[in-house]
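Student: Sharing structure01.txt (compact mmCIF, C-alpha atoms and all ligand atoms) below.
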# COMPACT_ATOMS: atom_id res chain seq x y z
CA MET A 26 0.00 0.00 0.00
CA LYS A 27 1.53 3.28 -1.12
CA ILE A 28 0.57 6.18 1.12
CA LEU A 29 1.12 9.93 0.96
CA SER A 30 1.15 11.17 4.56
CA ILE A 31 1.02 14.64 6.10
CA ASP A 32 1.78 15.90 9.62
CA THR A 33 1.45 19.53 10.74
CA SER A 34 0.82 18.92 14.42
CA CYS A 35 3.32 21.43 15.81
CA ASP A 36 6.24 23.31 14.25
CA GLU A 37 7.31 20.93 11.49
CA THR A 38 5.61 20.88 8.10
CA ALA A 39 6.01 17.26 7.04
CA ALA A 40 5.02 15.00 4.15
CA ALA A 41 6.21 11.53 3.19
CA VAL A 42 5.59 8.65 0.82
CA THR A 43 5.68 5.13 2.25
CA LEU A 44 5.19 1.72 0.68
CA ASN A 45 3.81 -0.53 3.43
CA ASP A 46 6.38 -0.02 6.20
CA HIS A 47 9.16 1.13 3.83
CA ILE A 48 9.98 4.82 3.65
CA LEU A 49 10.34 6.13 0.09
CA SER A 50 10.64 9.80 1.09
CA ASN A 51 10.37 11.78 4.30
CA ILE A 52 10.42 15.58 3.95
CA THR A 53 10.35 17.80 7.01
CA PHE A 54 10.47 21.56 6.95
CA SER A 55 11.34 22.77 10.42
CA GLN A 56 10.10 26.13 11.67
CA ILE A 57 12.44 26.14 14.66
CA LEU A 58 14.29 29.26 13.52
CA MET A 59 11.01 31.18 13.31
CA HIS A 60 9.99 30.30 16.86
CA GLU A 61 13.44 30.46 18.45
CA LYS A 62 13.38 34.13 19.34
CA PHE A 63 10.05 33.70 21.15
CA GLY A 64 11.41 30.83 23.26
CA GLY A 65 8.64 28.46 22.11
CA VAL A 66 6.11 27.71 19.39
CA VAL A 67 3.79 30.62 18.50
CA PRO A 68 0.53 29.11 17.14
CA ASP A 69 -0.27 31.86 14.60
CA ILE A 70 3.24 31.83 13.17
CA ALA A 71 3.09 28.02 12.98
CA ARG A 72 -0.19 28.07 11.04
CA ARG A 73 1.02 30.71 8.59
CA ASN A 74 4.25 28.83 7.97
CA HIS A 75 2.43 25.53 7.47
CA GLU A 76 0.11 27.20 4.95
CA GLU A 77 3.04 28.67 3.07
CA ARG A 78 5.05 25.45 2.98
CA ILE A 79 2.58 22.58 2.74
CA ASP A 80 2.22 22.46 -1.06
CA GLY A 81 5.97 22.56 -1.60
CA VAL A 82 6.64 19.90 1.05
CA VAL A 83 4.00 17.53 -0.41
CA GLU A 84 5.39 18.07 -3.90
CA LYS A 85 8.92 17.39 -2.72
CA ALA A 86 7.86 14.19 -0.90
CA LEU A 87 6.21 12.86 -4.07
CA LYS A 88 9.11 13.89 -6.25
CA SER A 89 11.82 12.33 -4.11
CA ALA A 90 9.77 9.10 -3.94
CA ARG A 91 9.46 9.28 -7.77
CA THR A 92 5.71 8.95 -7.33
CA LYS A 93 2.75 10.73 -8.86
CA ILE A 94 -0.14 11.46 -6.54
CA GLU A 95 -2.39 9.50 -8.92
CA ASP A 96 -0.39 6.38 -8.03
CA VAL A 97 -0.79 6.46 -4.24
CA ASP A 98 -3.38 4.13 -2.70
CA ALA A 99 -4.35 6.36 0.21
CA ILE A 100 -3.66 9.65 1.94
CA ALA A 101 -2.94 9.72 5.67
CA VAL A 102 -2.99 12.70 7.99
CA THR A 103 -2.40 13.48 11.65
CA PHE A 104 -5.69 14.59 13.24
CA GLY A 105 -4.30 15.11 16.77
CA PRO A 106 -3.02 15.63 19.35
CA GLY A 107 -1.17 18.85 18.67
CA LEU A 108 -1.67 22.55 18.12
CA ALA A 109 -5.24 22.91 16.85
CA ILE A 110 -4.67 25.57 14.22
CA ALA A 111 -1.52 23.87 12.97
CA LEU A 112 -3.30 20.49 12.69
CA GLY A 113 -6.02 22.15 10.65
CA VAL A 114 -3.61 23.06 7.84
CA GLY A 115 -2.53 19.46 7.25
CA ILE A 116 -6.08 18.09 7.59
CA ASN A 117 -7.47 20.57 5.08
CA LYS A 118 -4.73 19.76 2.60
CA ALA A 119 -5.21 16.00 3.03
CA LYS A 120 -9.00 16.30 2.58
CA GLU A 121 -8.57 18.46 -0.51
CA LEU A 122 -6.16 15.97 -2.11
CA ALA A 123 -8.25 12.92 -1.11
CA LYS A 124 -11.33 14.42 -2.74
CA ARG A 125 -9.61 15.72 -5.86
CA TYR A 126 -7.80 12.44 -6.56
CA GLU A 127 -10.51 10.16 -5.11
CA LYS A 128 -8.27 8.49 -2.54
CA PRO A 129 -9.28 7.03 0.82
CA LEU A 130 -8.26 9.18 3.80
CA ILE A 131 -6.71 7.56 6.88
CA PRO A 132 -6.69 9.72 10.04
CA VAL A 133 -3.76 8.90 12.35
CA ASN A 134 -3.14 9.82 15.97
CA HIS A 135 0.22 11.63 16.21
CA MET A 136 1.33 9.43 19.15
CA GLU A 137 0.42 6.35 17.15
CA GLY A 138 2.84 7.75 14.58
CA HIS A 139 5.63 8.10 17.17
CA THR A 140 4.97 4.47 18.18
CA TYR A 141 5.13 3.25 14.60
CA ALA A 142 8.41 5.07 13.98
CA CYS A 143 9.91 1.90 15.54
CA PHE A 144 8.32 -0.21 12.78
CA ALA A 145 9.59 1.97 9.93
CA LYS A 146 12.17 0.56 7.50
CA ASN A 147 14.19 2.23 4.78
CA SER A 148 13.38 1.81 1.10
CA LYS A 149 15.38 -1.44 1.02
CA GLY A 150 13.44 -2.93 3.92
CA LYS A 151 16.17 -2.44 6.54
CA PRO A 152 16.40 -2.90 9.45
CA GLU A 153 14.67 -6.26 9.46
CA ARG A 154 12.90 -6.56 12.82
CA SER A 155 10.06 -8.66 14.05
CA ILE A 156 8.76 -6.80 17.07
CA LEU A 157 7.01 -9.06 19.54
CA PHE A 158 3.75 -8.20 21.28
CA PRO A 159 2.60 -7.30 23.81
CA ALA A 160 4.93 -4.30 23.93
CA LEU A 161 5.53 -1.49 26.38
CA VAL A 162 5.75 1.81 24.52
CA LEU A 163 7.53 4.80 26.04
CA LEU A 164 6.69 8.04 24.26
CA VAL A 165 8.81 11.02 25.29
CA SER A 166 8.68 14.34 23.48
CA GLY A 167 8.30 18.07 23.99
CA ALA A 168 4.57 17.66 24.46
CA HIS A 169 4.16 14.11 25.78
CA THR A 170 5.46 11.65 28.32
CA GLU A 171 3.45 8.45 28.21
CA LEU A 172 3.66 4.76 28.87
CA VAL A 173 1.43 2.66 26.64
CA TYR A 174 0.56 -1.00 26.80
CA MET A 175 0.30 -2.24 23.22
CA LYS A 176 -1.29 -5.68 23.14
CA LYS A 177 -1.15 -6.02 19.36
CA HIS A 178 -0.99 -3.82 16.28
CA THR A 179 -3.05 -0.61 16.61
CA SER A 180 -4.27 -1.52 20.11
CA TYR A 181 -3.26 0.93 22.83
CA GLU A 182 -3.88 1.42 26.52
CA VAL A 183 -2.27 4.48 28.10
CA ILE A 184 -1.06 3.19 31.48
CA GLY A 185 0.91 6.26 32.59
CA LYS A 186 1.20 9.89 31.57
CA THR A 187 2.45 13.21 32.81
CA ARG A 188 0.25 15.19 35.16
CA ASP A 189 1.76 18.53 34.11
CA ASP A 190 4.78 19.22 31.90
CA ALA A 191 6.20 16.70 29.42
CA ALA A 192 9.82 15.58 29.93
CA GLY A 193 10.93 17.38 26.76
CA GLU A 194 9.16 20.55 27.82
CA ALA A 195 10.88 20.38 31.23
CA LEU A 196 14.27 20.00 29.53
CA ASP A 197 13.49 22.99 27.27
CA LYS A 198 12.58 25.10 30.30
CA ALA A 199 15.64 23.91 32.21
CA ALA A 200 17.84 25.09 29.32
CA ARG A 201 16.33 28.56 29.65
CA ILE A 202 16.90 28.63 33.40
CA ILE A 203 20.47 27.30 33.18
CA LEU A 204 21.58 29.53 30.31
CA ASN A 205 19.40 32.46 31.41
CA GLU A 206 18.29 33.14 27.82
CA HIS A 207 15.34 32.41 25.55
CA ILE A 208 16.42 29.25 23.91
CA TYR A 209 14.23 26.82 21.97
CA PRO A 210 14.35 23.90 21.76
CA GLY A 211 16.65 23.33 24.71
CA GLY A 212 16.73 19.57 25.28
CA SER A 213 19.78 18.97 23.09
CA VAL A 214 21.60 21.89 24.76
CA VAL A 215 20.99 20.35 28.18
CA GLU A 216 22.22 16.97 26.91
CA ARG A 217 25.40 18.50 25.49
CA LEU A 218 26.15 20.52 28.63
CA ALA A 219 25.42 17.55 30.88
CA LEU A 220 28.15 15.45 29.24
CA LYS A 221 30.80 17.44 31.12
CA GLY A 222 28.79 17.93 34.30
CA ASP A 223 28.57 16.35 37.72
CA GLU A 224 25.07 14.87 38.06
CA ASN A 225 25.35 14.88 41.84
CA PHE A 226 26.12 18.62 42.02
CA LEU A 227 22.54 19.59 42.82
CA ALA A 228 20.29 17.19 44.72
CA LEU A 229 16.98 17.60 42.89
CA PRO A 230 14.02 15.42 43.93
CA ILE A 231 13.10 12.42 41.75
CA PRO A 232 9.52 13.22 40.69
CA MET A 233 6.72 10.73 41.52
CA LYS A 234 9.22 8.35 43.05
CA GLN A 235 6.83 7.20 45.77
CA SER A 236 3.60 7.25 43.78
CA LYS A 237 2.07 3.84 43.17
CA ASP A 238 0.88 4.66 39.65
CA LEU A 239 2.84 4.99 36.42
CA ASP A 240 2.36 8.75 36.06
CA PHE A 241 5.00 11.44 35.66
CA SER A 242 5.30 15.03 36.85
CA TYR A 243 7.96 17.56 35.92
CA SER A 244 6.81 21.01 36.97
CA GLY A 245 8.09 20.55 40.53
CA ILE A 246 11.72 19.90 39.60
CA LYS A 247 11.66 22.79 37.14
CA THR A 248 10.68 25.08 40.01
CA ALA A 249 13.28 23.48 42.29
CA LEU A 250 15.93 24.17 39.64
CA LEU A 251 14.77 27.76 39.25
CA TYR A 252 15.01 28.42 43.01
CA ALA A 253 18.43 26.79 43.23
CA VAL A 254 19.73 28.90 40.33
CA GLN A 255 18.27 32.13 41.78
CA GLU A 256 20.02 31.40 45.05
CA MET A 257 23.33 30.77 43.31
CA GLY A 258 23.49 34.05 41.43
CA ASP A 259 24.81 34.61 37.90
CA LYS A 260 28.48 34.02 38.57
CA GLU A 261 27.97 30.63 40.18
CA ARG A 262 25.37 29.67 37.58
CA ASN A 263 27.80 30.42 34.76
CA LEU A 264 30.45 28.37 36.47
CA HIS A 265 28.19 25.36 37.01
CA MET A 266 26.01 25.21 33.88
CA SER A 267 27.19 21.70 33.02
CA ASP A 268 26.65 20.46 36.59
CA LEU A 269 23.14 21.93 36.68
CA ALA A 270 22.27 20.31 33.32
CA ALA A 271 23.62 16.94 34.45
CA SER A 272 21.73 17.11 37.76
CA PHE A 273 18.49 18.02 35.99
CA GLN A 274 18.83 15.25 33.42
CA LYS A 275 19.52 12.74 36.15
CA SER A 276 16.32 13.68 37.97
CA VAL A 277 14.14 13.64 34.80
CA PHE A 278 15.46 10.34 33.49
CA THR A 279 15.69 8.53 36.82
CA SER A 280 11.96 9.12 37.22
CA ILE A 281 11.41 7.58 33.78
CA ALA A 282 13.58 4.59 34.69
CA ILE A 283 11.54 4.03 37.87
CA LYS A 284 8.24 4.07 35.97
CA VAL A 285 9.52 1.85 33.16
CA ARG A 286 10.71 -0.62 35.79
CA ALA A 287 7.33 -0.52 37.56
CA ALA A 288 5.48 -1.01 34.26
CA LEU A 289 7.66 -4.02 33.40
CA ASP A 290 6.86 -5.51 36.82
CA GLN A 291 3.12 -4.99 36.35
CA TYR A 292 2.72 -5.91 32.68
CA ASN A 293 4.09 -8.98 31.04
CA VAL A 294 5.55 -7.62 27.81
CA SER A 295 7.88 -9.06 25.18
CA SER A 296 9.53 -5.84 24.01
CA ILE A 297 9.94 -2.13 24.67
CA LEU A 298 9.46 0.54 22.01
CA VAL A 299 10.69 4.12 22.43
CA GLY A 300 9.36 7.01 20.35
CA GLY A 301 9.44 10.82 20.35
CA GLY A 302 12.14 13.46 20.13
CA VAL A 303 13.62 12.84 23.60
CA GLY A 304 14.19 9.21 22.56
CA ALA A 305 17.37 10.40 20.85
CA ASN A 306 18.88 11.39 24.22
CA GLU A 307 21.73 8.99 25.11
CA TYR A 308 21.08 9.14 28.84
CA LEU A 309 17.48 8.05 28.29
CA ARG A 310 18.50 5.34 25.82
CA ASN A 311 20.95 3.86 28.28
CA ILE A 312 18.53 3.74 31.19
CA VAL A 313 15.82 2.09 29.05
CA ARG A 314 18.35 -0.42 27.67
CA SER A 315 19.41 -1.26 31.19
CA GLU A 316 15.79 -1.86 32.36
CA ALA A 317 15.15 -4.02 29.27
CA ARG A 318 18.28 -6.06 29.99
CA LYS A 319 17.13 -6.80 33.51
CA HIS A 320 13.87 -8.21 32.08
CA LYS A 321 15.70 -9.93 29.22
CA ILE A 322 13.58 -8.32 26.53
CA PRO A 323 14.66 -6.30 23.47
CA VAL A 324 14.24 -2.53 23.20
CA TYR A 325 13.60 -0.87 19.84
CA PHE A 326 14.25 2.71 18.83
CA PRO A 327 13.48 4.22 15.40
CA TYR A 328 16.28 3.26 13.00
CA SER A 329 17.05 6.82 11.91
CA LYS A 330 17.45 10.11 13.80
CA LYS A 331 14.95 11.68 11.37
CA LEU A 332 12.24 9.44 12.83
CA TYR A 333 12.51 10.67 16.44
CA GLY A 334 11.18 14.19 16.06
CA ASP A 335 7.98 14.98 14.22
CA ASN A 336 7.87 13.63 10.68
CA ALA A 337 5.27 12.27 8.27
CA ALA A 338 6.86 8.89 7.45
CA MET A 339 5.87 7.60 10.90
CA ILE A 340 2.27 8.63 10.11
CA GLY A 341 2.43 6.73 6.82
CA VAL A 342 3.70 3.56 8.50
CA ALA A 343 0.99 3.77 11.20
CA ALA A 344 -1.61 4.36 8.48
CA TYR A 345 -0.45 1.24 6.65
CA TYR A 346 -1.05 -0.92 9.75
CA LYS A 347 -4.39 0.81 10.41
CA GLY A 348 -5.40 0.61 6.76
CA LEU A 349 -4.99 -3.16 6.80
CA LYS A 350 -7.98 -3.37 9.15
CA ALA A 351 -9.88 -0.11 8.96
CA GLN A 352 -12.88 0.61 6.83
CA ALA A 353 -12.80 3.74 4.70
CA VAL A 354 -13.78 6.83 6.65
CA ASP A 355 -15.98 9.59 5.33
CA ILE A 356 -13.54 12.32 4.30
CA ASP A 357 -15.70 15.14 5.68
CA SER A 358 -15.92 13.43 9.07
CA VAL A 359 -12.17 13.79 9.70
CA GLU A 360 -11.64 16.65 12.12
CA ARG A 361 -8.77 17.91 14.21
CA ASN A 362 -8.73 16.81 17.82
CA ALA A 363 -6.01 18.74 19.65
CA ARG A 364 -6.20 16.73 22.88
CA VAL A 365 -7.12 13.22 21.75
CA GLU A 366 -5.60 10.41 23.80
CA LEU A 367 -4.12 7.30 22.24
CA GLY A 368 -6.58 4.41 22.24
CA LYS A 369 -9.59 6.67 22.71
CA PHE A 370 -10.27 7.03 19.00
ZN ZN A 401 5.51 14.58 18.19
I'd like the structure from this file rewritten - as structure tokens, please.
Ligand code: ZN
Tutor:
Amino acid sequence: MKILSIDTSCDETAAAVTLNDHILSNITFSQILMHEKFGGVVPDIARRNHEERIDGVVEKALKSARTKIEDVDAIAVTFGPGLAIALGVGINKAKELAKRYEKPLIPVNHMEGHTYACFAKNSKGKPERSILFPALVLLVSGAHTELVYMKKHTSYEVIGKTRDDAAGEALDKAARIILNEHIYPGGSVVERLALKGDENFLALPIPMKQSKDLDFSYSGIKTALLYAVQEMGDKERNLHMSDLAASFQKSVFTSIAIKVRAALDQYNVSSILVGGGVGANEYLRNIVRSEARKHKIPVYFPYSKKLYGDNAAMIGVAAYYKGLKAQAVDIDSVERNARVELGKF
């Protein structure tokens, strides 16, 4: 099944062409530079940029897959969660193309896409993997921190989620506090700084350590970091930026390790899947690998760095697995749903 997929859920305008689970093209236009000076994503700017770029990005995806739109079997689009007015741009474009070229439209949950990034293969079908179910899925990004029990293909039960900030969002905010400047996104800056830092420099609490559930919470440690930095003053802060970054990372990722461990104790799973932008962080990868090793199960990450952050190929691969079972949906019934939860659709 050849699918043209579109994702405009946040600040990336993305289109891709996939053949089953093989990626033929994956084009992402990032708006990061346009939002950087505001220290975060500005919805109106995002919408305008998506509108300006979407046609070109779709065209480029088709061209680099050497495919004509007439030859695709279906069109897939992210309907949520995400920024409502940004989602709308991709949905409108997908509907317009589906109607004009008489193609079925497959709506995909963005987090389902991040999950299926682990199933994506390159155009030659590599890497060959047979992922065993049931699986525990850890989704960590700028907007989400979730643990999902995936019994089989396209079946999801969210078993843990953040009560306030997402892990990626907390890392972005920490970067701003540590560097004392409007920086976006900041997660990779924190990771880089932390490499040279002492993670025991600042004793931050481990969030939700004692809670019996599988939920996360990150706003408390962000505030704890802010108070600690204010108390230190600029000179000390400048001197200890790496130590602060390392201490913050340790707190964020130790809490994830604890919840992954608890989930593995409660649910009998055969593999772990990791999706979302923060999945590229080495500290996180190592702690998940170590938990997986203790339970003697494999852990899978997307095969390419391009598949961690937002992209449309992951939406195409998810749509392929959904399309195998789903009936055709009425094109006009597809609507954005900014806050939809995985498994509730
Ligand atoms: Zn995302």
Student: Which residue out of A:Lys319, A:Arg217, A:Lys350, A:His139 has the minimum interatomic distance to ligand ZN 401 (chain A) when all atoms listed in the file are used?
Tutor: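 Closest residue, counting all atoms listed in the file: A:His139.
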Student: Write out as lines of an AutoDock Vina configuration file an axis-aligned box for region 188-196 of chain A: all of its atoms listed in the file, 3 Å added on each side, centre and edge lengths in Å with one decimal.
Tutor:
center_x = 7.3
center_y = 17.9
center_z = 31.0
size_x = 20.0
size_y = 11.4
size_z = 14.4
Student: Using all atoms listed in the file, pick whichever of A:Ile28, A:Leu264, A:Lys124, A:Thr38 has the shortest atom-to-atom distance to Thr92 (chain A).
Tutor: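 The answer is A:Ile28, which sits nearest to Thr92 (chain A).
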Student: Quick one, how far is CA of Ala40 (chain A) from CA of Ser166 (chain A)?
Tutor: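 Taking CA of Ala40 (chain A) as the start and CA of Ser166 (chain A) as the end point, the length is 19.7 Å.
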Student: To one decimal in Å, tell me the separation between CA of Arg361 (chain A) and CA of Phe241 (chain A).
Tutor: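 So the two atoms, CA of Arg361 (chain A) and CA of Phe241 (chain A), lie 26.3 Å apart.
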Student: Would you tabulate, counting only C-alpha atoms and all ligand atoms, all residues of chain A that have an atom at most 8 Å from an atom of ligand ZN 401 (chain A), showing the closest pair of atoms and their distance in Å to one decimal, sorted by chain then ascending number, as a Markdown table?
Tutor:
| residue | atom | partner | partner_atom | distance |
| --- | --- | --- | --- | --- |
| A:Ser34 | CA | A:ZN401 | ZN | 7.4 |
| A:Cys35 | CA | A:ZN401 | ZN | 7.6 |
| A:Gly107 | CA | A:ZN401 | ZN | 7.9 |
| A:His135 | CA | A:ZN401 | ZN | 6.4 |
| A:Met136 | CA | A:ZN401 | ZN | 6.7 |
| A:His139 | CA | A:ZN401 | ZN | 6.6 |
| A:Ser166 | CA | A:ZN401 | ZN | 6.2 |
| A:Gly167 | CA | A:ZN401 | ZN | 7.3 |
| A:Ala168 | CA | A:ZN401 | ZN | 7.0 |
| A:His169 | CA | A:ZN401 | ZN | 7.7 |
| A:Gly301 | CA | A:ZN401 | ZN | 5.9 |
| A:Gly302 | CA | A:ZN401 | ZN | 7.0 |
| A:Gly334 | CA | A:ZN401 | ZN | 6.1 |
| A:Asp335 | CA | A:ZN401 | ZN | 4.7 |
| A:Asn336 | CA | A:ZN401 | ZN | 7.9 |
Student: Could you tell me how far CA of Ala317 (chain A) sits from CA of Gly150 (chain A), in Å to one decimal place?
Tutor: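 Separation of CA of Gly150 (chain A) and CA of Ala317 (chain A): 25.4 Å.
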Student: Taking (8.7, -4.3, 16.0) in the coordinates of the supplied file, I want to know which residues reach to within 10 Å of it, counting all atoms listed in the file; could you give the answer as a ChimeraX atom specification?
Tutor: /A:140-145,153-158,160,178,296-298,323-327
Student: Using only C-alpha atoms, which of A:Val102, A:Gly64, A:Ser272, A:Leu58 sits nearest Ala337 (chain A)?
Tutor: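 The shortest atom-to-atom distance to Ala337 (chain A) comes from A:Val102.
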Student: Could you pull the residues within 8 Å of Ala282 (chain A), counting all atoms listed in the file, minus those fewer than 5 positions along the same chain, as a PyMOL selection string?
Tutor: chain A and resi 312-313+316
Student: Residues proximal to (-1.6, 17.7, 2.6) were defined as those with any atom within 6 Å of that point in the file's coordinates, counting only C-alpha atoms. Which are they, as number ranges by chain?
Tutor: A: 31, 115, 118-119
Student: So which one's closest to Ala99 (chain A), A:Met59, A:Leu44, A:Ala191, A:Val294? Using all atoms listed in the file, please.
Tutor: A:Leu44
Student: If we count only C-alpha atoms, what is near region 243-251 of chain A at a cut-off of 10 Å, once residues fewer than 6 positions away on the same chain are taken out, given as a ChimeraX atom specification?
Tutor: /A:170,187-196,198-199,201-203,227-233,257,269-270,272-273,276-277,280
